[in-house]
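Notes to accompany the following structure.
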Amino acid sequence: MTFAAPLWIAGAAAWALLVLLLGLWSRARRRALLAELGEKPLVARLTATSSPGRRIVKQALVAMAGAALALALARPQMIGDTEVKLRGIDVVIALDVSTSMLVTDIEPTPRMRAQGLEPTRLELARELIGNLLEGLPEDRVGPVVFAGAAAHFPLTEDHEVALQFLRDLGPADLPRGSDLGEALRVARCLLHRELFTQLGCSRVIGRHGDGGRPLSTDRAPVRGPAAGEEIEELTERGRVVLVLSDGGEQLEATRRELAAGRQDAPLPLVLVGVGSVAGGQVHDVDEDGRRGAPKRDAAGAPVISRRSDAAMQALADAAGGGSRYLVANPTADPSEILEVLRKLSRGVTTKKSQQRQDVFAPLVLAAILLLLIETAISTRRRRPYPEAP
């Protein structure tokens with residue numbers, strides 16, 4: 001057993017000592033007052049029903065009740081070991097949030113109609129990810145959002161947190177552009193933490209934080225993977241990067257980088273193209289992420305963004321290792337993506353952790369019962385003839 005707030009143990013001892021001292025002072029004070037009333041035989045007959053023993057019992061009960069409450073505030077906890085086997089894969093979901101993802105060249109889904117949402121590529125991608133995560137209950141997810149730069153969150157089993165991260169960041173939160181290569185560098189560091197130094201990940205995702213270490217859903221303070229937690233991989237988990245984008249800039253440079261890095265750290269890709277081949281007009285975005293005026297090129301013509309099927313397919317071919325290029329389902333149905341992910345090796349991980357359970361309730365109940373008993377005890381005893389000598 002351990003205590004979450006051990007300082008209250010000293011409070012329990014201090015309370016018991018305080019009640020003892022008050023009891024001794026009260027007894028001495030009572031004797032002094034009785035001595036001033038008159039002769040001792042007469043006073044003894046007048047106070048014959050008084051019970052010093054009962055007063056001591058009542059004081060002891062109050063002392064024990066207070067000590068029990070102080071111990072309850074110290075939060076005693078029972079510690080037990082649990083072992084859970086997890087089977088799944090590690091998926092980094094990279095979502096393009098560049099301004100071109102706000103193009104409205106898609107048909108609204110039933111959810112968009114019901115909630116009155118604008119039918120943008122970004123909204124379709126987010127809805128598709130939400131539906132996808134429902135089919136990956138045991139898999140770890142590392143969300144990444146990218147435009148001209150990339151922001152990431154460590155691998156986690158908490159899909160709700162991962163999805164919220166992908167929903168919270170948008171075009172106004174990152175530099176302008178669409179650097180898919182930066183997103184893939186971040187993804188490689190998240191998935192290959194054993195190569196953190198070799199891949200130069202400190203320059204990509206920083207020296208602080210978890211550096212790709214999976215986060216647990218436990219809310220306890222983290223020490224290592226989690227407080228009091230050991231994670232042992234019995235068989236290696238499959239690793240994959242899922243990218244949802246309309247294509248964007250620098251795809252040829254990204255393709256060359258992927259081809260060069262295949263040997264050091266394989267990076268299986270599932271690329272999902274969002275948008276239409278016909279495309280749509282791109283708008284500027286204000287500081288709040290709202291669509292502004294239409295963008296125009298140097299000649300004054302409107303800027304049109306189209307889904308880059310050929311370039312995205314070339315990226316998948318360059319990545320190798322079973323990488324594939326898919327087109328986002330217009331109704332946000334993730335079945336085709338799930339079919340690809342389910343073919344990956346779903347490794348087995350054993351997670352051993354210490355669970356702490358608060359056991360203060362019995363102490364609170366004991367304190368209440370002791371106070372009730374103390375209230376029921378009278379300080380006087382029954383005598384048939386209290387005035388008799």
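Identifiers for the structure tokens are assigned positionally: chains receive A, B, ... in sequence, residues are indexed from 1 per chain, and ligands are indexed from 1 in the order shown.
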*as a count of residues only, please: all residues of segment 64-179 of chain A that backbone DSSP puts in strand (DSSP E or B).*
31
Considering only C-alpha atoms, give me a table of residues in segment 280-351 of chain A that are at most 9 Å from segment 111-132 of chain A, with the closest atom pair and distance in Å for each, as CSV.
residue,atom,partner,partner_atom,distance
A:Ala328,CA,A:Ala125,CA,7.7
A:Asn329,CA,A:Leu128,CA,8.1
A:Pro330,CA,A:Leu124,CA,7.7
A:Thr331,CA,A:Leu124,CA,8.2
A:Ala332,CA,A:Leu128,CA,4.5
A:Asp333,CA,A:Leu128,CA,6.5
A:Pro334,CA,A:Leu132,CA,5.3
A:Ser335,CA,A:Leu132,CA,7.9
A:Ile337,CA,A:Leu132,CA,7.8
A:Leu338,CA,A:Leu132,CA,7.1
Residue selection dump (C-alpha atoms) as a compact mmCIF listing (two decimals), in the first residue's frame:
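Output file selection_13.txt follows:
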# COMPACT_ATOMS: atom_id res chain seq x y z
CA ALA A 328 -10.77 9.16 -51.55
CA ASN A 329 -14.26 7.73 -51.59
CA PRO A 330 -16.73 10.60 -52.21
CA THR A 331 -18.97 9.33 -49.41
CA ALA A 332 -16.02 9.05 -46.93
CA ASP A 333 -16.23 5.26 -46.93
CA PRO A 334 -12.88 3.92 -45.58
CA SER A 335 -13.37 0.30 -46.72
CA ILE A 337 -8.11 1.88 -47.11
CA LEU A 338 -8.97 -0.59 -44.33
*Between A:Val277, A:Leu271, A:Leu102, A:Leu372, which has the minimum distance to Arg324 of chain A (counting only C-alpha atoms)?*
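Among the listed residues, the smallest separation from Arg324 of chain A belongs to A:Leu271.
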_Straight-line distance linking atom CA of Met78 of chain A with atom CA of Ala12 of chain A, stated in Å to one decimal_ =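 For atom CA of Met78 of chain A relative to atom CA of Ala12 of chain A, the distance reads 19.6 Å.
With only C-alpha atoms as the atoms that count, the residue of A:Gly289, A:Gly142, A:Pro171, A:Pro52 with the shortest distance to Arg188 of chain A is A:Gly142.
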*Counting only C-alpha atoms, figure out which residue out of A:Ala150, A:Val57, A:Leu7, A:Val243 gets nearest to Val19 of chain A.*
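Smallest separation from Val19 of chain A among the options: A:Val57.
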Which residues come within 9 Å of Arg306 of chain A, counting only C-alpha atoms, excluding same-chain residues fewer than 5 positions away, as a PDB file with C-alpha atoms, in the first residue's frame?
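As a result, selection24.pdb now contains:
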ATOM      1  CA  SER A 100      -5.754  24.088 -51.868  1.00  0.00           C
ATOM      2  CA  ASP A 246      -4.497  16.641 -53.318  1.00  0.00           C
ATOM      3  CA  GLY A 247      -0.863  16.529 -54.451  1.00  0.00           C
ATOM      4  CA  GLY A 248       0.694  19.956 -54.169  1.00  0.00           C
ATOM      5  CA  GLY A 275     -10.410  16.320 -54.772  1.00  0.00           C
ATOM      6  CA  SER A 276     -11.274  16.035 -58.440  1.00  0.00           C
ATOM      7  CA  VAL A 277      -9.282  15.849 -61.647  1.00  0.00           C
ATOM      8  CA  ALA A 278     -11.231  18.810 -63.000  1.00  0.00           C
ATOM      9  CA  GLY A 279     -10.173  20.811 -59.935  1.00  0.00           C
ATOM     10  CA  GLY A 280     -11.453  24.039 -58.479  1.00  0.00           C
TER      11      GLY A 280
END
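Of note, atom CA of Glu160 of chain A and atom CA of Gly177 of chain A are spaced 27.6 Å apart.
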*Pick from A:Val103, A:Leu363, A:Ala28, A:Leu190 nearest to Leu73 of chain A, counting only C-alpha atoms*: A:Leu363
_For Ala94 of chain A: contacts at 7 Å, only C-alpha atoms, fewer than 5 positions along chain excluded, given as a ChimeraX atom specification_ = /A:143-145,183,242-244
